[in-house]
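Pasted below: run12.tsv, TSV, C-alpha atoms.
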chain	number	residue	atom	x	y	z
A	3	MET	CA	-33.44	-11.71	-20.51
A	4	PHE	CA	-35.44	-9.90	-17.85
A	5	SER	CA	-38.68	-11.03	-16.28
A	6	ALA	CA	-41.42	-9.11	-14.48
A	7	PRO	CA	-40.75	-7.39	-11.14
A	8	PHE	CA	-41.09	-9.59	-8.07
A	9	ARG	CA	-43.00	-8.60	-4.95
A	10	PRO	CA	-41.05	-8.97	-1.69
A	11	SER	CA	-43.06	-10.14	1.29
A	12	ARG	CA	-44.22	-7.66	3.91
A	13	ARG	CA	-42.12	-9.57	6.44
A	14	ALA	CA	-39.03	-9.08	4.28
A	15	LEU	CA	-39.70	-5.36	4.08
A	16	LEU	CA	-40.64	-4.64	7.68
A	17	GLY	CA	-38.83	-7.06	9.98
A	18	GLY	CA	-35.28	-7.91	11.05
A	19	GLY	CA	-31.88	-6.32	10.50
A	20	ALA	CA	-30.59	-4.71	7.32
A	21	ALA	CA	-28.50	-7.71	6.25
A	22	LEU	CA	-31.39	-10.13	6.82
A	23	LEU	CA	-33.76	-7.87	4.90
A	24	ALA	CA	-31.37	-7.59	1.98
A	25	ALA	CA	-30.88	-11.36	1.90
A	26	SER	CA	-34.65	-11.88	1.93
A	27	VAL	CA	-35.08	-9.64	-1.07
A	28	VAL	CA	-32.34	-11.47	-3.00
A	29	ARG	CA	-33.90	-14.85	-2.21
A	30	ALA	CA	-37.22	-13.58	-3.52
A	31	ALA	CA	-35.45	-12.50	-6.71
A	32	GLU	CA	-33.68	-15.81	-7.34
A	33	PRO	CA	-36.14	-17.04	-9.98
A	34	ASP	CA	-35.51	-13.84	-11.93
A	35	LEU	CA	-31.75	-14.13	-11.48
A	36	ALA	CA	-31.85	-17.49	-13.19
A	37	GLY	CA	-32.53	-15.65	-16.44
A	38	LEU	CA	-29.20	-13.81	-16.30
A	39	THR	CA	-26.08	-15.30	-17.89
A	40	ASP	CA	-22.36	-14.65	-17.49
A	41	MET	CA	-21.23	-11.83	-19.77
A	42	THR	CA	-17.52	-12.21	-18.94
A	43	ALA	CA	-16.63	-15.76	-19.94
A	44	ASP	CA	-14.77	-14.61	-23.06
A	45	ALA	CA	-13.11	-11.56	-21.50
A	46	VAL	CA	-9.42	-11.59	-22.44
A	47	PRO	CA	-7.08	-11.24	-19.43
A	48	ILE	CA	-3.88	-9.23	-19.47
A	49	ASP	CA	-1.14	-11.43	-20.96
A	50	LEU	CA	2.63	-11.70	-20.64
A	51	ALA	CA	3.34	-9.51	-23.67
A	52	GLU	CA	1.20	-6.71	-22.21
A	53	ARG	CA	3.00	-6.84	-18.86
A	54	GLN	CA	6.42	-6.95	-20.49
A	55	ALA	CA	5.47	-3.88	-22.51
A	56	ARG	CA	4.52	-2.16	-19.24
A	57	LEU	CA	7.91	-2.96	-17.74
A	58	SER	CA	9.67	-1.67	-20.84
A	59	ARG	CA	7.64	1.54	-20.69
A	60	ALA	CA	8.43	1.94	-16.99
A	61	GLN	CA	12.15	1.48	-17.63
A	62	ALA	CA	12.08	4.07	-20.41
A	63	LEU	CA	10.43	6.55	-18.04
A	64	MET	CA	12.99	5.69	-15.36
A	65	ARG	CA	15.85	6.45	-17.71
A	66	ALA	CA	14.28	9.76	-18.67
A	67	ALA	CA	13.86	10.70	-14.98
A	68	ASP	CA	17.26	9.31	-13.88
A	69	ILE	CA	15.57	6.83	-11.50
A	70	ALA	CA	17.56	3.63	-11.05
A	71	ALA	CA	14.84	1.44	-9.56
A	72	VAL	CA	11.26	1.56	-8.27
A	73	LEU	CA	9.93	-0.14	-5.12
A	74	ILE	CA	6.27	-1.27	-5.18
A	75	GLU	CA	4.28	-2.82	-2.34
A	76	PRO	CA	1.20	-5.08	-2.84
A	77	GLY	CA	-1.79	-3.46	-4.49
A	78	SER	CA	-2.96	-2.66	-7.97
A	79	SER	CA	0.43	-1.37	-9.14
A	80	LEU	CA	2.13	-4.63	-8.14
A	81	ILE	CA	-0.50	-6.57	-10.09
A	82	TYR	CA	-0.19	-4.15	-13.00
A	83	PHE	CA	3.53	-4.76	-13.49
A	84	THR	CA	4.06	-8.31	-12.21
A	85	GLY	CA	0.67	-10.03	-11.82
A	86	VAL	CA	1.42	-10.70	-8.15
A	87	ALA	CA	-1.87	-10.45	-6.27
A	88	TRP	CA	-0.90	-10.24	-2.63
A	89	HIS	CA	-2.00	-8.60	0.60
A	90	ARG	CA	-0.22	-6.06	2.75
A	91	SER	CA	0.82	-7.04	6.24
A	92	GLU	CA	3.63	-6.30	8.66
A	93	ARG	CA	5.74	-8.75	6.59
A	94	LEU	CA	7.05	-6.99	3.50
A	95	THR	CA	6.39	-8.38	0.07
A	96	ALA	CA	7.47	-6.00	-2.68
A	97	ALA	CA	8.70	-5.73	-6.24
A	98	VAL	CA	11.82	-3.86	-7.24
A	99	ILE	CA	11.87	-2.81	-10.89
A	100	PRO	CA	15.40	-1.91	-11.99
A	101	VAL	CA	16.14	0.44	-14.84
A	102	GLU	CA	17.60	-2.50	-16.75
A	103	GLY	CA	16.82	-6.22	-16.59
A	104	GLU	CA	14.18	-8.28	-14.87
A	105	PRO	CA	12.40	-7.19	-11.70
A	106	CYS	CA	12.94	-8.76	-8.30
A	107	ILE	CA	10.23	-9.96	-5.93
A	108	VAL	CA	11.17	-9.82	-2.24
A	109	THR	CA	8.93	-11.90	0.04
A	110	PRO	CA	9.03	-13.97	3.24
A	111	PHE	CA	10.53	-17.43	2.74
A	112	PHE	CA	7.36	-19.24	3.78
A	113	GLU	CA	5.21	-17.12	1.43
A	114	GLU	CA	7.31	-17.68	-1.69
A	115	PRO	CA	5.29	-20.62	-3.11
A	116	SER	CA	2.04	-18.68	-2.74
A	117	VAL	CA	3.47	-15.48	-4.21
A	118	ARG	CA	4.77	-17.40	-7.23
A	119	GLN	CA	1.23	-18.59	-8.02
A	120	THR	CA	0.31	-15.20	-9.50
A	121	LEU	CA	3.74	-14.02	-10.65
A	122	SER	CA	3.21	-13.44	-14.37
A	123	VAL	CA	6.55	-12.09	-15.63
A	124	PRO	CA	10.11	-13.42	-15.53
A	125	ALA	CA	11.60	-12.20	-12.27
A	126	GLU	CA	14.20	-13.01	-9.66
A	127	VAL	CA	12.69	-13.93	-6.29
A	128	ARG	CA	14.64	-13.21	-3.11
A	129	VAL	CA	13.32	-14.37	0.25
A	130	TRP	CA	13.88	-13.29	3.81
A	131	GLN	CA	13.54	-15.22	7.05
A	132	GLU	CA	11.52	-14.11	10.07
A	133	ASP	CA	14.64	-12.89	11.92
A	134	GLU	CA	15.91	-10.84	8.95
A	135	ASP	CA	15.26	-7.29	7.75
A	136	PRO	CA	13.47	-7.45	4.36
A	137	LEU	CA	14.67	-3.98	3.38
A	138	LYS	CA	18.23	-5.24	3.65
A	139	VAL	CA	17.28	-7.89	1.10
A	140	VAL	CA	15.97	-5.12	-1.18
A	141	ALA	CA	19.20	-3.19	-0.62
A	142	GLY	CA	21.21	-6.31	-1.44
A	143	PHE	CA	19.47	-6.67	-4.79
A	144	LEU	CA	20.15	-3.02	-5.61
A	145	ARG	CA	23.82	-3.37	-4.65
A	146	ASP	CA	24.15	-6.49	-6.80
A	147	ARG	CA	22.71	-4.54	-9.75
A	148	LYS	CA	25.07	-1.64	-8.93
A	149	LEU	CA	22.14	0.69	-8.30
A	150	ALA	CA	22.59	1.29	-4.58
A	151	GLY	CA	24.07	4.77	-4.79
A	152	ARG	CA	21.55	6.15	-7.24
A	153	THR	CA	18.04	7.60	-7.08
A	154	ILE	CA	15.36	5.10	-6.03
A	155	GLY	CA	11.67	5.72	-6.67
A	156	ILE	CA	9.02	4.72	-4.13
A	157	GLU	CA	5.47	4.03	-5.38
A	158	GLU	CA	3.15	6.56	-3.77
A	159	SER	CA	1.05	4.12	-1.73
A	160	ALA	CA	4.02	2.36	-0.13
A	161	ARG	CA	4.04	2.55	3.67
A	162	PHE	CA	6.49	4.64	5.65
A	163	PHE	CA	8.24	1.64	7.21
A	164	ALA	CA	9.30	0.50	3.71
A	165	PHE	CA	10.59	3.96	2.81
A	166	ASP	CA	12.34	4.41	6.16
A	167	GLY	CA	13.77	0.89	6.19
A	168	LEU	CA	15.24	1.27	2.71
A	169	ALA	CA	16.73	4.64	3.64
A	170	ARG	CA	18.45	2.97	6.62
A	171	ALA	CA	19.61	0.01	4.55
A	172	LEU	CA	20.98	2.24	1.75
A	173	PRO	CA	22.65	5.22	3.43
A	174	GLY	CA	23.38	7.86	0.85
A	175	ALA	CA	20.69	6.76	-1.58
A	176	ARG	CA	18.20	9.37	-2.74
A	177	LEU	CA	14.60	8.22	-2.35
A	178	VAL	CA	11.98	10.01	-4.44
A	179	SER	CA	8.39	9.62	-5.57
A	180	ALA	CA	7.92	7.11	-8.39
A	181	ASN	CA	4.84	8.93	-9.72
A	182	THR	CA	6.62	9.91	-12.90
A	183	VAL	CA	7.06	6.23	-13.68
A	184	VAL	CA	4.02	4.50	-12.21
A	185	ARG	CA	1.47	7.17	-13.11
A	186	GLY	CA	3.18	7.63	-16.44
A	187	CYS	CA	2.36	4.02	-17.24
A	188	ARG	CA	-0.97	3.47	-15.54
A	189	MET	CA	-2.74	6.67	-16.60
A	190	ILE	CA	-2.52	5.64	-20.27
A	191	LYS	CA	-4.69	2.59	-20.84
A	192	THR	CA	-4.02	0.19	-23.68
A	193	PRO	CA	-6.71	-1.33	-25.91
A	194	ALA	CA	-6.61	-4.50	-23.78
A	195	GLU	CA	-7.31	-2.51	-20.62
A	196	ILE	CA	-10.06	-0.47	-22.23
A	197	ALA	CA	-11.72	-3.68	-23.47
A	198	LEU	CA	-11.88	-5.03	-19.89
A	199	MET	CA	-13.25	-1.74	-18.57
A	200	GLN	CA	-15.86	-1.83	-21.33
A	201	ARG	CA	-16.88	-5.34	-20.31
A	202	ALA	CA	-17.16	-4.31	-16.65
A	203	THR	CA	-19.33	-1.36	-17.66
A	204	ASP	CA	-21.53	-3.59	-19.83
A	205	VAL	CA	-22.11	-5.83	-16.81
A	206	THR	CA	-23.05	-2.88	-14.61
A	207	ILE	CA	-25.49	-1.49	-17.18
A	208	ALA	CA	-27.11	-4.91	-17.60
A	209	ALA	CA	-27.44	-5.20	-13.82
A	210	TYR	CA	-29.08	-1.77	-13.69
A	211	ARG	CA	-31.58	-2.83	-16.35
A	212	TRP	CA	-32.45	-5.87	-14.28
A	213	THR	CA	-32.61	-4.02	-10.95
A	214	HIS	CA	-34.51	-0.86	-11.88
A	215	PRO	CA	-37.94	-2.45	-12.58
A	216	ARG	CA	-37.65	-4.48	-9.37
A	217	VAL	CA	-37.42	-1.48	-7.05
A	218	GLU	CA	-40.64	-1.36	-5.00
A	219	ALA	CA	-42.20	1.00	-2.50
A	220	GLY	CA	-41.05	0.13	1.02
A	221	MET	CA	-37.57	-1.06	0.01
A	222	THR	CA	-34.48	0.28	1.74
A	223	GLY	CA	-31.26	1.29	0.06
A	224	ALA	CA	-29.58	-1.85	1.41
A	225	GLN	CA	-32.24	-4.04	-0.21
A	226	ILE	CA	-31.90	-2.31	-3.56
A	227	GLY	CA	-28.13	-2.59	-3.36
A	228	ALA	CA	-28.42	-6.30	-2.58
A	229	LEU	CA	-30.44	-6.83	-5.75
A	230	MET	CA	-27.85	-4.96	-7.80
A	231	THR	CA	-25.01	-6.97	-6.28
A	232	ALA	CA	-26.79	-10.26	-6.91
A	233	ALA	CA	-27.42	-9.37	-10.55
A	234	THR	CA	-23.84	-8.17	-11.03
A	235	LYS	CA	-22.43	-11.44	-9.72
A	236	LYS	CA	-24.81	-13.52	-11.86
A	237	LEU	CA	-23.70	-11.54	-14.91
A	238	GLY	CA	-20.05	-12.40	-14.16
A	239	GLY	CA	-18.78	-9.23	-12.51
A	240	ASP	CA	-16.97	-9.09	-9.21
A	241	ALA	CA	-19.22	-6.64	-7.37
A	242	GLU	CA	-17.25	-3.75	-5.88
A	243	PHE	CA	-20.05	-1.52	-4.57
A	244	SER	CA	-23.81	-1.16	-4.98
A	245	MET	CA	-25.03	1.96	-3.20
A	246	ALA	CA	-28.64	3.13	-3.28
A	247	LEU	CA	-29.65	6.44	-1.66
A	248	ILE	CA	-33.29	7.40	-1.18
A	249	GLY	CA	-34.95	10.79	-0.72
A	250	ALA	CA	-33.00	13.29	1.37
A	251	ALA	CA	-30.11	10.80	1.69
A	252	ALA	CA	-29.44	11.32	-2.02
A	253	ALA	CA	-28.29	14.86	-1.15
A	254	LEU	CA	-25.30	13.25	0.65
A	255	PRO	CA	-23.03	11.99	-2.16
A	256	HIS	CA	-21.81	8.94	-0.23
A	257	GLY	CA	-24.95	8.29	1.77
A	258	SER	CA	-26.39	8.45	5.26
A	259	ARG	CA	-26.81	6.10	8.21
A	260	GLU	CA	-30.50	6.96	8.27
A	261	VAL	CA	-32.72	4.20	6.86
A	262	ILE	CA	-35.16	5.64	4.33
A	263	ARG	CA	-37.67	3.57	2.38
A	264	VAL	CA	-38.78	4.05	-1.18
A	265	ALA	CA	-42.07	5.94	-1.49
A	266	ASP	CA	-43.95	7.72	-4.22
A	267	GLY	CA	-42.22	10.89	-5.33
A	268	GLN	CA	-38.85	10.06	-3.77
A	269	VAL	CA	-35.54	10.20	-5.59
A	270	VAL	CA	-33.54	6.97	-5.86
A	271	LEU	CA	-29.84	7.55	-6.57
A	272	MET	CA	-27.67	4.50	-7.26
A	273	ASP	CA	-23.87	4.41	-7.59
A	274	CYS	CA	-22.56	0.99	-8.59
A	275	GLY	CA	-19.53	-0.71	-10.08
A	276	CYS	CA	-17.81	-4.04	-10.59
A	277	THR	CA	-14.55	-5.47	-11.83
A	278	VAL	CA	-13.78	-7.81	-14.70
A	279	GLN	CA	-10.28	-9.30	-14.73
A	280	GLY	CA	-9.27	-6.57	-12.28
A	281	TYR	CA	-10.64	-3.58	-14.22
A	282	GLN	CA	-13.45	-1.44	-12.87
A	283	SER	CA	-16.69	0.21	-13.87
A	284	ASP	CA	-18.42	3.10	-12.10
A	285	VAL	CA	-21.95	4.15	-13.13
A	286	SER	CA	-24.56	6.25	-11.32
A	287	ARG	CA	-28.24	6.53	-12.16
A	288	THR	CA	-30.98	8.66	-10.60
A	289	TRP	CA	-34.75	8.41	-10.99
A	290	VAL	CA	-37.93	9.21	-9.10
A	291	HIS	CA	-40.16	6.43	-7.86
A	292	GLY	CA	-43.64	7.31	-9.03
A	293	ARG	CA	-44.48	10.89	-9.95
A	294	ALA	CA	-41.64	13.42	-10.17
A	295	THR	CA	-42.01	17.06	-9.19
A	296	THR	CA	-41.15	19.94	-11.49
A	297	GLU	CA	-38.11	20.69	-9.32
A	298	GLN	CA	-36.84	17.12	-9.54
A	299	ARG	CA	-37.20	17.14	-13.32
A	300	THR	CA	-35.45	20.50	-13.60
A	301	VAL	CA	-32.47	19.41	-11.51
A	302	TRP	CA	-32.18	16.10	-13.37
A	303	ASP	CA	-32.09	17.94	-16.71
A	304	GLN	CA	-29.51	20.40	-15.37
A	305	VAL	CA	-27.22	17.54	-14.35
A	306	LYS	CA	-27.65	15.86	-17.73
A	307	ALA	CA	-26.65	19.10	-19.47
A	308	ALA	CA	-23.60	19.48	-17.20
A	309	GLN	CA	-22.50	15.91	-17.87
A	310	ALA	CA	-22.71	16.55	-21.61
A	311	LEU	CA	-20.76	19.79	-21.19
A	312	ALA	CA	-17.97	17.97	-19.32
A	313	PHE	CA	-17.80	15.37	-22.09
A	314	ARG	CA	-17.58	18.03	-24.83
A	315	THR	CA	-14.89	19.91	-22.93
A	316	ALA	CA	-12.70	16.83	-22.49
A	317	GLN	CA	-10.49	17.09	-25.55
A	318	ILE	CA	-6.87	16.08	-26.18
A	319	GLY	CA	-4.50	18.63	-24.68
A	320	VAL	CA	-7.08	20.27	-22.40
A	321	ALA	CA	-6.06	20.55	-18.73
A	322	ALA	CA	-8.07	18.14	-16.55
A	323	GLY	CA	-9.08	21.00	-14.28
A	324	ALA	CA	-10.69	22.87	-17.17
A	325	ILE	CA	-13.50	20.30	-17.32
A	326	ASP	CA	-14.40	20.94	-13.70
A	327	ASP	CA	-14.18	24.70	-14.25
A	328	ALA	CA	-16.55	24.55	-17.22
A	329	VAL	CA	-19.14	22.62	-15.24
A	330	ARG	CA	-18.89	24.95	-12.25
A	331	ARG	CA	-19.33	28.04	-14.41
A	332	HIS	CA	-22.45	26.45	-15.90
A	333	TYR	CA	-23.89	25.67	-12.47
A	334	GLU	CA	-23.07	29.08	-11.05
A	335	ALA	CA	-24.93	30.69	-13.95
A	336	LEU	CA	-27.97	28.68	-12.82
A	337	GLY	CA	-27.64	29.98	-9.25
A	338	TYR	CA	-25.76	27.07	-7.62
A	339	GLY	CA	-22.57	27.29	-5.57
A	340	PRO	CA	-20.43	29.23	-5.99
A	341	GLY	CA	-17.52	26.81	-6.14
A	342	TYR	CA	-18.12	23.72	-4.03
A	343	ARG	CA	-20.84	25.27	-1.86
A	344	LEU	CA	-24.33	23.83	-1.53
A	345	PRO	CA	-26.84	23.66	-3.01
A	346	GLY	CA	-24.64	22.73	-5.96
A	347	LEU	CA	-21.78	20.39	-6.85
A	348	SER	CA	-19.78	19.68	-3.70
A	349	HIS	CA	-17.29	17.23	-5.22
A	350	ARG	CA	-15.02	17.09	-8.26
A	351	THR	CA	-16.56	16.55	-11.68
A	352	GLY	CA	-14.73	13.25	-12.16
A	353	HIS	CA	-11.83	10.98	-11.32
A	354	GLY	CA	-9.43	8.72	-13.11
A	355	ILE	CA	-10.41	5.05	-13.24
A	356	GLY	CA	-8.84	1.75	-14.24
A	357	MET	CA	-7.71	-1.05	-11.94
A	358	ASP	CA	-8.74	1.18	-9.05
A	359	GLY	CA	-12.11	2.88	-8.87
A	360	HIS	CA	-10.34	6.18	-8.16
A	361	GLU	CA	-7.01	6.78	-9.88
A	362	PRO	CA	-4.97	9.86	-10.74
A	363	VAL	CA	-5.73	12.30	-12.15
A	364	ASN	CA	-8.98	14.00	-11.19
A	365	LEU	CA	-11.24	16.33	-13.11
A	366	VAL	CA	-10.93	18.96	-10.40
A	367	HIS	CA	-10.19	22.68	-10.25
A	368	GLY	CA	-6.46	23.37	-10.43
A	369	GLU	CA	-5.40	20.06	-12.02
A	370	THR	CA	-2.97	20.97	-14.81
A	371	THR	CA	-2.35	17.50	-16.28
A	372	ARG	CA	-3.38	17.58	-19.92
A	373	LEU	CA	-5.66	14.94	-21.35
A	374	ALA	CA	-4.05	12.38	-23.65
A	375	ALA	CA	-5.26	9.37	-25.59
A	376	GLY	CA	-5.76	6.37	-23.32
A	377	MET	CA	-6.74	8.31	-20.20
A	378	CYS	CA	-10.01	7.22	-18.57
A	379	PHE	CA	-12.32	9.26	-16.34
A	380	SER	CA	-15.69	9.32	-14.65
A	381	ASP	CA	-18.05	12.15	-15.62
A	382	GLU	CA	-20.36	12.79	-12.63
A	383	PRO	CA	-21.28	16.45	-12.05
A	384	GLY	CA	-24.08	15.87	-9.55
A	385	LEU	CA	-26.29	18.47	-7.91
A	386	TYR	CA	-27.17	18.21	-4.21
A	387	LEU	CA	-29.95	20.09	-2.43
A	388	PRO	CA	-29.53	19.51	1.34
A	389	GLY	CA	-32.68	18.29	3.06
A	390	LYS	CA	-34.39	17.61	-0.27
A	391	PHE	CA	-32.63	15.30	-2.72
A	392	GLY	CA	-29.62	14.91	-4.98
A	393	VAL	CA	-29.14	13.90	-8.59
A	394	ARG	CA	-26.02	12.22	-9.95
A	395	LEU	CA	-25.54	10.83	-13.42
A	396	GLU	CA	-22.20	9.11	-13.81
A	397	ASP	CA	-20.75	7.53	-16.92
A	398	CYS	CA	-17.10	6.92	-17.64
A	399	PHE	CA	-15.24	7.79	-20.82
A	400	TYR	CA	-11.85	7.16	-22.36
A	401	MET	CA	-9.80	9.50	-24.50
A	402	THR	CA	-9.16	8.60	-28.13
A	403	PRO	CA	-6.90	10.60	-30.47
A	404	GLY	CA	-10.07	12.27	-31.76
A	405	GLY	CA	-11.62	13.03	-28.37
A	406	PRO	CA	-13.68	11.32	-25.66
A	407	ALA	CA	-15.69	8.11	-26.11
A	408	TRP	CA	-18.26	6.77	-23.63
A	409	PHE	CA	-17.99	3.42	-21.90
A	410	SER	CA	-21.73	3.71	-21.20
A	411	THR	CA	-24.33	5.86	-22.89
A	412	PRO	CA	-25.84	8.47	-20.54
A	413	PRO	CA	-29.57	8.05	-19.82
A	414	ALA	CA	-32.02	9.75	-22.15
A	415	SER	CA	-34.36	11.27	-19.58
A	416	LEU	CA	-35.66	11.05	-16.03
A	417	ASP	CA	-38.41	8.79	-17.35
A	418	ARG	CA	-35.85	6.51	-19.03
A	419	PRO	CA	-33.10	6.48	-16.40
A	420	VAL	CA	-31.44	3.20	-17.44
Rendering of file as structure tokens:
Amino acid sequence: MFSAPFRPSRRALLGGGAALLAASVVRAAEPDLAGLTDMTADAVPIDLAERQARLSRAQALMRAADIAAVLIEPGSSLIYFTGVAWHRSERLTAAVIPVEGEPCIVTPFFEEPSVRQTLSVPAEVRVWQEDEDPLKVVAGFLRDRKLAGRTIGIEESARFFAFDGLARALPGARLVSANTVVRGCRMIKTPAEIALMQRATDVTIAAYRWTHPRVEAGMTGAQIGALMTAATKKLGGDAEFSMALIGAAAALPHGSREVIRVADGQVVLMDCGCTVQGYQSDVSRTWVHGRATTEQRTVWDQVKAAQALAFRTAQIGVAAGAIDDAVRRHYEALGYGPGYRLPGLSHRTGHGIGMDGHEPVNLVHGETTRLAAGMCFSDEPGLYLPGKFGVRLEDCFYMTPGGPAWFSTPPASLDRPV
């Protein structure tokens, strides 16, 4: 499946802007890319029955919380419940999920045909004209369903103008957070969702295996990322991010504007992910180009041990924050920190993941949500030594009734990083 590393030209490495350089490297790799095949052709998308089950679950949670309806703007939650893949603009498109019956999609009149193209559940569609207030249309639907005087939930990412407009259109209504409903559904992944996340992870791991042997001295992070993105796309994933940090830049978890080139003895830290049918992967790998120092090997092994500790600690019923606490105690015993101080682990141990790369809840100190079957998290307790290097190993896992299960197997050693 994979051929020998290519050698980019000196001109590609030393001349022109970052985008041009990255494109040059990808063009040089095209013969190798031809050996990659789509891994996603048989991925099973979310079907009508799955979405109807989501709506039923949401309505059950609404009844339990005495919430009469939930308002959702475009984004992953709108896709999750209705299939409608739409953009946010100053013109409101939104779904209203009532506690009983079918949802309603509110959208501009001239956008209705386009919105219907991805609508995947039975729903009423109400339109508004350019000289009308869309929140009055939402209020009209709620009045027709006799829900206007009750508690209305607002999905947490909805913009203030939607909240404020609905409050004006429904005087006397109580508007509250819909987290109990939306998070209550989305945090627990079904087998169909987990299968898509597994496929996305498989693509990312395959792209890593293709990219790693093609990293050469003189390359920039942008060039390495371009190779990873090209491989991900050829393997069928929709590339979300392909970040490569080199040397001292690897001590900054999300990178630096400084352009550093690969050289012997330098750390290369990659953080990459893709989506398959809307579900994401997130995998980080760290290695040393050429000969590693004793310090680099020690830190890499310490991170590997911390990642394994986080995985062992993640059991059904354990508070999410306890995983972060266990890792931090381990690092502090080694002389790092304390807490989030550097050198050490300056970010949370992990985050929720699903349709979004970062979803509630986080593996972070103080988080009291208890782990349950179907929850999915990243496990990425990196160590960062300012001015020197950083190491991050990131693999995601999902909770089964018997405990955690990996989406991707953590690397065996610094010498076998992928």
Quick one: residues within 8 Å of segment 241-245 of chain A, all atoms listed in the file counted, chain neighbours fewer than 5 positions away excluded, as a list in words?
-> Gly223, Ala224, Gly227, Ala228, Met230, Thr231, Thr234, Lys235, Met272, Asp273, Cys274, Gly275, Cys276 and Thr277 of chain A
Restricting the output to C-alpha atoms, write the selected residues as a tab-separated table (two decimals), in the frame of the given file.
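What ended up in again-v6.tsv:
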chain	number	residue	atom	x	y	z
A	223	GLY	CA	-31.26	1.29	0.06
A	224	ALA	CA	-29.58	-1.85	1.41
A	227	GLY	CA	-28.13	-2.59	-3.36
A	228	ALA	CA	-28.42	-6.30	-2.58
A	230	MET	CA	-27.85	-4.96	-7.80
A	231	THR	CA	-25.01	-6.97	-6.28
A	234	THR	CA	-23.84	-8.17	-11.03
A	235	LYS	CA	-22.43	-11.44	-9.72
A	272	MET	CA	-27.67	4.50	-7.26
A	273	ASP	CA	-23.87	4.41	-7.59
A	274	CYS	CA	-22.56	0.99	-8.59
A	275	GLY	CA	-19.53	-0.71	-10.08
A	276	CYS	CA	-17.81	-4.04	-10.59
A	277	THR	CA	-14.55	-5.47	-11.83
If you measure from atom CA of Ser78 of chain A to atom CA of Ala312 of chain A, what distance in Å do you get, rounded to one decimal?
-> 27.9 Å
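Take the candidates A:Val393, A:Ala43, A:Ile325, A:Met401 and check each one against Pro255 of chain A using all atoms listed in the file; the shortest distance goes to A:Val393.
Using all atoms listed in the file, every residue with an atom at most 9 Å from the point (-19.4, 3.7, -20.7) is listed here: Met199, Gln200, Thr203, Asp204, Ile207, Ser283, Asp284, Val285, Asp397, Cys398, Phe399, Tyr400, Ala407, Trp408, Phe409, Ser410, Thr411 and Pro412 of chain A.
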Of A:Leu137, A:Ala308, A:Leu387, A:Cys187, the one nearest to Arg330 of chain A when counting only C-alpha atoms is A:Ala308
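Nearest-residue note for Val101 of chain A: choosing from A:Ala55, A:Val178, A:Val183, A:Ala232, the minimum distance belongs to A:Val183, counting all atoms listed in the file.
Take atom CA of Pro406 of chain A and atom CA of Ala316 of chain A: the distance between them is 6.4 Å.
Proximity to Phe143 of chain A was assessed for A:Val320, A:Val420, A:Ala171, A:Cys378 counting all atoms listed in the file; the smallest distance is recorded for A:Ala171.
Closest to Ser58 of chain A among A:Ile74, A:Ile196, A:Ala294, A:Ile99 is A:Ile99, based on all atoms listed in the file.
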Sorted per-residue table, segment 271-376 of chain A near segment 46-50 of chain A, closest atoms and distance, 10 Å, only C-alpha atoms, as JSON lines:
{"residue": "A:Val278", "atom": "CA", "partner": "A:Pro47", "partner_atom": "CA", "distance": 8.9}
{"residue": "A:Gln279", "atom": "CA", "partner": "A:Pro47", "partner_atom": "CA", "distance": 6.0}
{"residue": "A:Gly280", "atom": "CA", "partner": "A:Pro47", "partner_atom": "CA", "distance": 8.8}
{"residue": "A:Tyr281", "atom": "CA", "partner": "A:Pro47", "partner_atom": "CA", "distance": 9.9}
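Distances from A:Val329, A:Leu38, A:Met64, A:Ile156 to Ala96 of chain A were compared using all atoms listed in the file, and the smallest one belongs to A:Ile156.
Between atom CA of Asn364 of chain A and atom CA of Tyr333 of chain A there is a distance of 19.0 Å.
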Could you tell me, as a VMD selection string, which residues have any atom at most 12 Å from (4.0, 7.9, -15.8), counting only C-alpha atoms?
-> chain A and resid 56 to 57 59 to 64 66 to 67 79 157 179 to 191 362 to 363 371 377
Would you mind listing what lies within 9 Å of Pro124 of chain A as a ChimeraX atom specification, with only C-alpha atoms counted and same-chain residues fewer than 4 positions away left out?
-> /A:54,84,104-105
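Within 8 Å of Glu75 of chain A, once only C-alpha atoms are used and residues closer than 2 positions along the same chain are dropped, the contacting residues are Leu73, Gly77, Ser79, Leu80, Arg90, Leu94, Thr95, Ala96, Ala97, Glu157, Ser159 and Ala160 of chain A.
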Which polymer residues have any atom within 7 Å of an atom of Ile355 of chain A, counting only C-alpha atoms, with same-chain residues fewer than 5 positions away left out, as a PyMOL selection string?
-> chain A and resi 360-361+378-380
